[in-house]
>>> print(open('entry_9.cif').read())   # mmCIF, C-alpha atoms and all ligand atoms
data_input
loop_
_atom_site.label_atom_id
_atom_site.label_comp_id
_atom_site.auth_asym_id
_atom_site.auth_seq_id
_atom_site.Cartn_x
_atom_site.Cartn_y
_atom_site.Cartn_z
CA MET A 1 0.00 0.00 0.00
CA ALA A 2 1.36 3.37 -1.02
CA HIS A 3 0.58 6.91 0.08
CA TYR A 4 0.23 9.33 -2.82
CA VAL A 5 -0.06 13.10 -2.78
CA ILE A 6 -1.35 15.52 -5.41
CA GLY A 7 -0.71 19.24 -5.05
CA ASP A 8 -2.80 22.34 -5.65
CA LEU A 9 -5.35 21.85 -8.47
CA HIS A 10 -6.88 25.36 -8.63
CA GLY A 11 -9.89 24.21 -10.61
CA HIS A 12 -7.98 22.23 -13.25
CA LEU A 13 -10.19 19.14 -13.46
CA HIS A 14 -8.72 17.76 -16.69
CA ASP A 15 -5.19 17.75 -15.28
CA TYR A 16 -6.52 16.12 -12.11
CA ARG A 17 -8.14 13.31 -14.12
CA ARG A 18 -5.00 12.81 -16.21
CA LEU A 19 -2.80 12.52 -13.11
CA LEU A 20 -5.18 10.03 -11.46
CA GLN A 21 -5.37 7.91 -14.60
CA ASP A 22 -1.61 7.96 -15.26
CA GLN A 23 -1.03 6.73 -11.69
CA LEU A 24 -3.71 4.02 -12.16
CA LEU A 25 -5.76 5.39 -9.26
CA CYS A 26 -8.81 6.12 -11.38
CA ASP A 27 -10.14 4.95 -14.74
CA GLY A 28 -11.62 6.98 -17.59
CA ALA A 29 -15.10 6.66 -16.07
CA ASP A 30 -13.98 8.30 -12.80
CA GLN A 31 -13.96 5.01 -10.92
CA TRP A 32 -11.36 4.31 -8.21
CA ILE A 33 -9.00 1.55 -9.33
CA GLY A 34 -6.34 2.31 -6.70
CA GLY A 35 -7.35 -0.58 -4.42
CA THR A 36 -5.95 -0.12 -0.91
CA HIS A 37 -3.67 2.80 -1.83
CA GLN A 38 -4.17 6.11 -0.06
CA LEU A 39 -4.32 9.48 -1.79
CA TRP A 40 -4.05 12.93 -0.25
CA LEU A 41 -5.02 16.19 -1.97
CA MET A 42 -3.04 19.13 -0.62
CA GLY A 43 -5.81 21.76 -0.69
CA ASP A 44 -6.50 24.71 -3.01
CA PHE A 45 -9.06 22.92 -5.16
CA PHE A 46 -10.55 26.30 -6.07
CA ASP A 47 -9.90 29.61 -7.80
CA ARG A 48 -7.86 30.59 -10.89
CA GLY A 49 -9.34 27.61 -12.82
CA ASP A 50 -13.12 27.35 -13.04
CA MET A 51 -13.77 23.68 -12.20
CA GLY A 52 -12.98 23.65 -8.50
CA VAL A 53 -16.44 22.35 -7.58
CA GLU A 54 -15.97 19.43 -9.99
CA CYS A 55 -12.52 18.70 -8.51
CA VAL A 56 -14.13 18.46 -5.06
CA GLU A 57 -17.03 16.42 -6.41
CA LEU A 58 -14.65 13.89 -7.98
CA THR A 59 -12.58 13.71 -4.80
CA MET A 60 -15.67 13.04 -2.67
CA GLN A 61 -16.80 10.30 -5.08
CA LEU A 62 -13.37 8.67 -5.10
CA GLN A 63 -13.26 8.86 -1.31
CA MET A 64 -16.43 6.75 -1.05
CA GLN A 65 -15.29 4.30 -3.71
CA ALA A 66 -11.80 3.91 -2.21
CA ARG A 67 -13.12 3.39 1.32
CA ALA A 68 -15.41 0.63 0.07
CA VAL A 69 -12.35 -1.39 -0.98
CA GLY A 70 -10.01 -0.57 1.92
CA GLY A 71 -8.24 2.38 0.29
CA ASP A 72 -8.70 6.06 1.07
CA VAL A 73 -8.82 9.50 -0.50
CA ASN A 74 -8.57 12.58 1.67
CA ALA A 75 -7.66 16.23 1.52
CA ILE A 76 -6.26 18.93 3.74
CA LEU A 77 -7.55 22.48 3.99
CA GLY A 78 -6.04 25.13 1.71
CA ASN A 79 -6.40 28.87 2.06
CA HIS A 80 -8.57 28.97 -1.07
CA GLU A 81 -11.07 26.57 0.54
CA LEU A 82 -11.23 28.89 3.54
CA MET A 83 -11.65 31.94 1.26
CA LEU A 84 -14.50 30.24 -0.58
CA LEU A 85 -16.20 29.24 2.69
CA CYS A 86 -15.80 32.83 3.89
CA ALA A 87 -17.38 34.22 0.70
CA ASN A 88 -20.17 31.67 0.97
CA LYS A 89 -20.89 32.46 4.62
CA PHE A 90 -20.57 36.23 4.61
CA GLY A 91 -21.41 37.19 1.01
CA GLU A 92 -21.95 40.94 0.79
CA GLN A 93 -20.96 41.64 4.41
CA LEU A 94 -18.13 44.17 4.50
CA THR A 95 -14.64 43.23 5.62
CA ALA A 96 -12.32 45.60 7.51
CA SER A 97 -10.82 46.70 4.19
CA GLY A 98 -14.23 47.96 3.07
CA VAL A 99 -14.94 45.40 0.35
CA SER A 100 -17.41 42.56 0.76
CA ALA A 101 -16.32 39.05 1.74
CA LYS A 102 -17.29 37.89 -1.72
CA ALA A 103 -15.40 40.69 -3.47
CA MET A 104 -12.33 39.89 -1.37
CA TRP A 105 -12.49 36.27 -2.56
CA VAL A 106 -12.95 37.32 -6.21
CA ARG A 107 -9.91 39.55 -5.83
CA TRP A 108 -7.95 36.45 -4.75
CA GLY A 109 -9.00 34.53 -7.88
CA GLY A 110 -12.50 33.40 -6.87
CA ILE A 111 -14.98 32.70 -9.65
CA SER A 112 -18.57 33.67 -8.73
CA GLU A 113 -20.20 30.89 -10.78
CA GLU A 114 -18.39 28.31 -8.65
CA LEU A 115 -20.10 29.58 -5.51
CA ALA A 116 -23.51 29.21 -7.15
CA ARG A 117 -22.73 25.57 -8.06
CA LEU A 118 -21.42 24.60 -4.62
CA LYS A 119 -23.73 22.09 -2.89
CA PRO A 120 -24.47 21.90 0.87
CA ALA A 121 -22.83 18.45 1.11
CA GLN A 122 -19.65 19.88 -0.41
CA ILE A 123 -19.65 22.80 2.03
CA HIS A 124 -20.09 20.34 4.89
CA TRP A 125 -17.16 18.28 3.58
CA LEU A 126 -14.90 21.30 3.08
CA GLU A 127 -15.60 22.63 6.58
CA ARG A 128 -14.32 19.36 8.04
CA LEU A 129 -11.02 19.14 6.17
CA PRO A 130 -8.07 18.91 8.53
CA ALA A 131 -5.54 21.74 8.35
CA LEU A 132 -2.81 19.31 9.42
CA GLN A 133 -2.40 15.58 8.96
CA MET A 134 0.28 13.15 10.07
CA VAL A 135 1.04 10.25 7.72
CA GLY A 136 3.56 8.15 9.61
CA ASP A 137 6.25 10.65 10.62
CA ILE A 138 5.36 13.04 7.81
CA LEU A 139 3.36 16.21 8.48
CA LEU A 140 1.07 17.28 5.64
CA LEU A 141 0.16 20.96 5.66
CA HIS A 142 -1.08 23.18 2.87
CA ALA A 143 1.02 26.29 3.38
CA ASP A 144 4.77 26.67 3.82
CA ALA A 145 4.03 28.89 6.78
CA MET A 146 4.62 28.93 10.53
CA PHE A 147 1.23 30.31 11.60
CA TYR A 148 -0.22 26.85 12.34
CA VAL A 149 1.74 26.71 15.61
CA GLU A 150 -0.25 29.68 16.91
CA HIS A 151 -3.47 27.67 16.70
CA GLY A 152 -2.77 24.68 18.88
CA ARG A 153 -0.13 22.52 20.51
CA THR A 154 -1.12 19.34 18.64
CA VAL A 155 -2.36 18.39 15.19
CA ASP A 156 -5.80 17.61 16.66
CA ALA A 157 -5.96 20.92 18.52
CA VAL A 158 -5.09 22.88 15.37
CA ASN A 159 -7.69 20.98 13.34
CA GLN A 160 -10.35 21.64 15.97
CA ARG A 161 -9.46 25.34 15.89
CA PHE A 162 -9.92 25.50 12.13
CA PHE A 163 -13.23 23.65 12.30
CA ASP A 164 -14.40 26.05 15.02
CA LEU A 165 -13.46 28.94 12.73
CA THR A 166 -15.65 27.59 9.92
CA GLN A 167 -18.60 27.77 12.35
CA ASP A 168 -17.68 31.28 13.58
CA SER A 169 -19.94 34.18 12.60
CA ASP A 170 -17.31 36.83 13.37
CA LEU A 171 -15.91 37.89 9.99
CA SER A 172 -12.90 39.64 11.55
CA ARG A 173 -11.62 36.31 12.88
CA TRP A 174 -11.80 34.81 9.40
CA GLU A 175 -9.94 37.80 7.96
CA GLN A 176 -7.14 37.42 10.50
CA ILE A 177 -6.57 33.73 9.72
CA LEU A 178 -6.85 34.29 5.98
CA ARG A 179 -4.17 36.97 6.24
CA ASP A 180 -1.88 34.61 8.15
CA PHE A 181 -2.68 31.76 5.76
CA SER A 182 -1.41 33.77 2.79
CA GLU A 183 2.20 33.68 4.03
CA HIS A 184 4.58 31.89 1.65
CA GLU A 185 8.09 30.43 1.73
CA GLY A 186 8.34 30.23 5.51
CA PHE A 187 10.79 27.33 5.21
CA SER A 188 13.00 28.64 2.44
CA GLY A 189 13.79 32.32 2.38
CA LEU A 190 17.05 33.63 3.72
CA ALA A 191 20.01 31.32 4.36
CA MET A 192 19.54 29.28 7.53
CA THR A 193 16.31 30.94 8.68
CA GLY A 194 14.01 28.71 6.66
CA GLU A 195 15.79 25.51 7.67
CA ARG A 196 15.57 26.50 11.30
CA ARG A 197 11.86 27.31 11.05
CA ALA A 198 11.20 23.98 9.34
CA ASN A 199 13.05 22.22 12.14
CA GLN A 200 11.01 24.12 14.73
CA ILE A 201 7.62 23.24 13.27
CA LEU A 202 8.65 19.60 12.79
CA ARG A 203 9.72 19.29 16.40
CA PHE A 204 6.64 21.19 17.58
CA PHE A 205 4.30 18.61 16.03
CA GLY A 206 6.62 15.63 16.44
CA ALA A 207 7.27 15.01 12.74
CA GLN A 208 10.40 14.07 10.76
CA GLN A 209 9.52 15.74 7.49
CA LEU A 210 6.84 18.03 6.12
CA VAL A 211 5.05 18.04 2.78
CA HIS A 212 3.32 21.19 1.57
CA GLY A 213 1.71 22.87 -1.44
CA HIS A 214 0.66 26.55 -1.69
CA THR A 215 3.83 27.96 -3.32
CA PRO A 216 4.40 26.75 -6.91
CA ILE A 217 7.82 25.11 -7.19
CA SER A 218 8.61 27.34 -10.17
CA MET A 219 8.17 30.42 -7.97
CA ALA A 220 10.12 28.90 -5.09
CA ASN A 221 13.23 27.75 -6.98
CA GLY A 222 13.05 29.32 -10.43
CA THR A 223 12.47 26.13 -12.46
CA PRO A 224 10.32 27.05 -15.51
CA ALA A 225 6.72 26.13 -14.60
CA GLU A 226 6.10 23.95 -17.68
CA THR A 227 9.07 21.69 -16.82
CA VAL A 228 8.16 20.98 -13.18
CA ASN A 229 7.30 17.27 -13.13
CA ARG A 230 8.42 16.15 -9.66
CA ALA A 231 8.41 17.26 -6.05
CA TRP A 232 11.11 19.59 -4.76
CA THR A 233 12.94 18.55 -1.58
CA TYR A 234 14.72 21.34 0.29
CA ALA A 235 15.79 22.65 3.72
CA ARG A 236 18.25 19.74 4.11
CA GLY A 237 15.57 17.18 3.31
CA GLN A 238 13.14 18.45 5.92
CA CYS A 239 10.62 19.87 3.43
CA ILE A 240 8.98 18.62 0.25
CA ASN A 241 7.07 21.03 -1.98
CA VAL A 242 4.44 19.25 -4.12
CA ASP A 243 2.81 22.29 -5.75
CA GLY A 244 3.54 21.70 -9.45
CA GLY A 245 1.97 25.04 -10.39
CA ILE A 246 -0.71 23.53 -12.63
CA TYR A 247 -2.40 26.93 -12.99
CA LEU A 248 0.88 28.35 -14.32
CA GLY A 249 1.04 25.69 -17.05
CA GLY A 250 2.87 22.94 -15.18
CA PRO A 251 1.90 19.34 -16.02
CA GLY A 252 1.60 18.45 -12.33
CA PHE A 253 2.67 15.14 -10.82
CA VAL A 254 1.72 12.49 -8.28
CA HIS A 255 4.18 12.25 -5.42
CA GLU A 256 4.63 9.04 -3.43
CA LEU A 257 5.37 9.63 0.24
CA ASN A 258 8.39 7.89 1.72
CA THR A 259 6.89 6.88 5.05
CA ASP A 260 10.00 4.87 6.00
CA LEU A 261 11.97 7.85 7.26
CA SER A 262 15.03 7.90 9.39
CA PRO A 263 15.28 10.81 11.84
CA VAL A 264 16.13 14.16 10.28
CA GLY A 265 19.85 13.95 9.70
CA GLY A 266 22.71 16.07 10.92
CA ALA A 267 23.04 18.37 13.87
CA ARG A 268 19.94 19.98 15.31
CA LEU A 269 19.30 23.53 14.29
CA ASN A 270 18.53 25.60 17.31
MN MN B 1 -2.60 28.12 -1.09
#
>>> encode(input="entry_9.cif", output="structure tokens")
Amino acid sequence: MAHYVIGDLHGHLHDYRRLLQDQLLCDGADQWIGGTHQLWLMGDFFDRGDMGVECVELTMQLQMQARAVGGDVNAILGNHELMLLCANKFGEQLTASGVSAKAMWVRWGGISEELARLKPAQIHWLERLPALQMVGDILLLHADAMFYVEHGRTVDAVNQRFFDLTQDSDLSRWEQILRDFSEHEGFSGLAMTGERRANQILRFFGAQQLVHGHTPISMANGTPAETVNRAWTYARGQCINVDGGIYLGGPGFVHELNTDLSPVGGARLN
């Protein structure tokens, strides 16, 4: 049994189907053929491309089909899911910046027609996505950002906090978290700083390695977007970026997690 990961789709359903079929997880009729394998989607189903609802719909279908045969399909929460839920919940209500919640989402790449197509069962599913997930010793998180540690001491506590937020009717609290959630490159950046931060968040949650999306690899390391066809490992092996930048023209890829990790090598970074 293998653990597979697919990065940020941003509404690109056709690429999603191609990746699933190439990896023999799904057939041409959208049926799960992955048996007992496990698949994780890294969040950001929505915005920029216009078939985010269909990407979620397919994922929910595959989840049911996979579970029926002992496999699994799951997802973690991306900032674009939270933005969409915010637009859905607050609509024309004004944010602190004076624009409506919906206008704020559109400004971030939201496509109004998607909101109209979103079904209650999909909203219910999205609200319950974990922000963090451990797979063996690997921490899955959407954003390459440190802000998660401010929301709980454990993976479960952070996930509860995010679920509570989705039920919160105070728009200002949503705005705060959405601002924090838009941080990028928290584990790369200047010289040793990124490596040290990665080490801190790994130790905080008791993980050996982290896997994230959110920042297209082409933007993070300068590889031309259309040539990115594999994950990028950095910060001395502590971090794996799986955002192929599909919305920038990248072909995307399916990444297989190495759950047989030895402890993070070398001296500790303090
Ligand atoms: Mn993101």
>>> residues_near_ligand(input="entry_9.cif", ligand="ligand MN 1 (chain B)", cutoff="12 Å", atoms="only C-alpha atoms and all ligand atoms", output="PyMOL selection string")
chain A and resi 7-10+42-48+76-83+108-109+131+141-145+178-185+212-216+242-243+245+247
>>> atom_distance(input="entry_9.cif", atom1="CA of Gln38 in chain A", atom2="CA of Asp72 in chain A")
4.7 Å
>>> residues_around(input="entry_9.cif", residues="Gln23 in chain A", least_positions_apart="6", cutoff="12 Å", atoms="all atoms listed in the file", output="PyMOL selection string")
chain A and resi 2-6+16-17+32-34+37+39+253-256
>>> residues_around(input="entry_9.cif", residues="Asn88 in chain A", least_positions_apart="3", cutoff="9 Å", atoms="only C-alpha atoms", output="list in words")
Met83, Leu84, Leu85, Gly91, Ala101, Lys102, Leu115 and Ile123 of chain A
>>> atom_distance(input="entry_9.cif", atom1="CA of Arg128 in chain A", atom2="CA of Glu150 in chain A")
19.6 Å
>>> closest_residue(input="entry_9.cif", among="A:Val53, A:Leu171, A:Ala66, A:Val155", to="Leu140 in chain A", atoms="only C-alpha atoms")
A:Val155
>>> closest_residue(input="entry_9.cif", among="A:Met64, A:Asn74, A:Gln133, A:Asp15", to="Leu41 in chain A", atoms="all atoms listed in the file")
A:Asn74
>>> atom_distance(input="entry_9.cif", atom1="CA of Cys26 in chain A", atom2="CA of Glu54 in chain A")
15.2 Å
>>> closest_residue(input="entry_9.cif", among="A:Cys86, A:Met134, A:Met219, A:Leu118", to="Ile177 in chain A", atoms="all atoms listed in the file")
A:Cys86
>>> residues_near_point(input="entry_9.cif", point="(14.4, 18.3, 4.1)", cutoff="10 Å", atoms="only C-alpha atoms", output="MDAnalysis selection string")
chainID A and resid 187 195 198:199 208:211 232:241 264:265
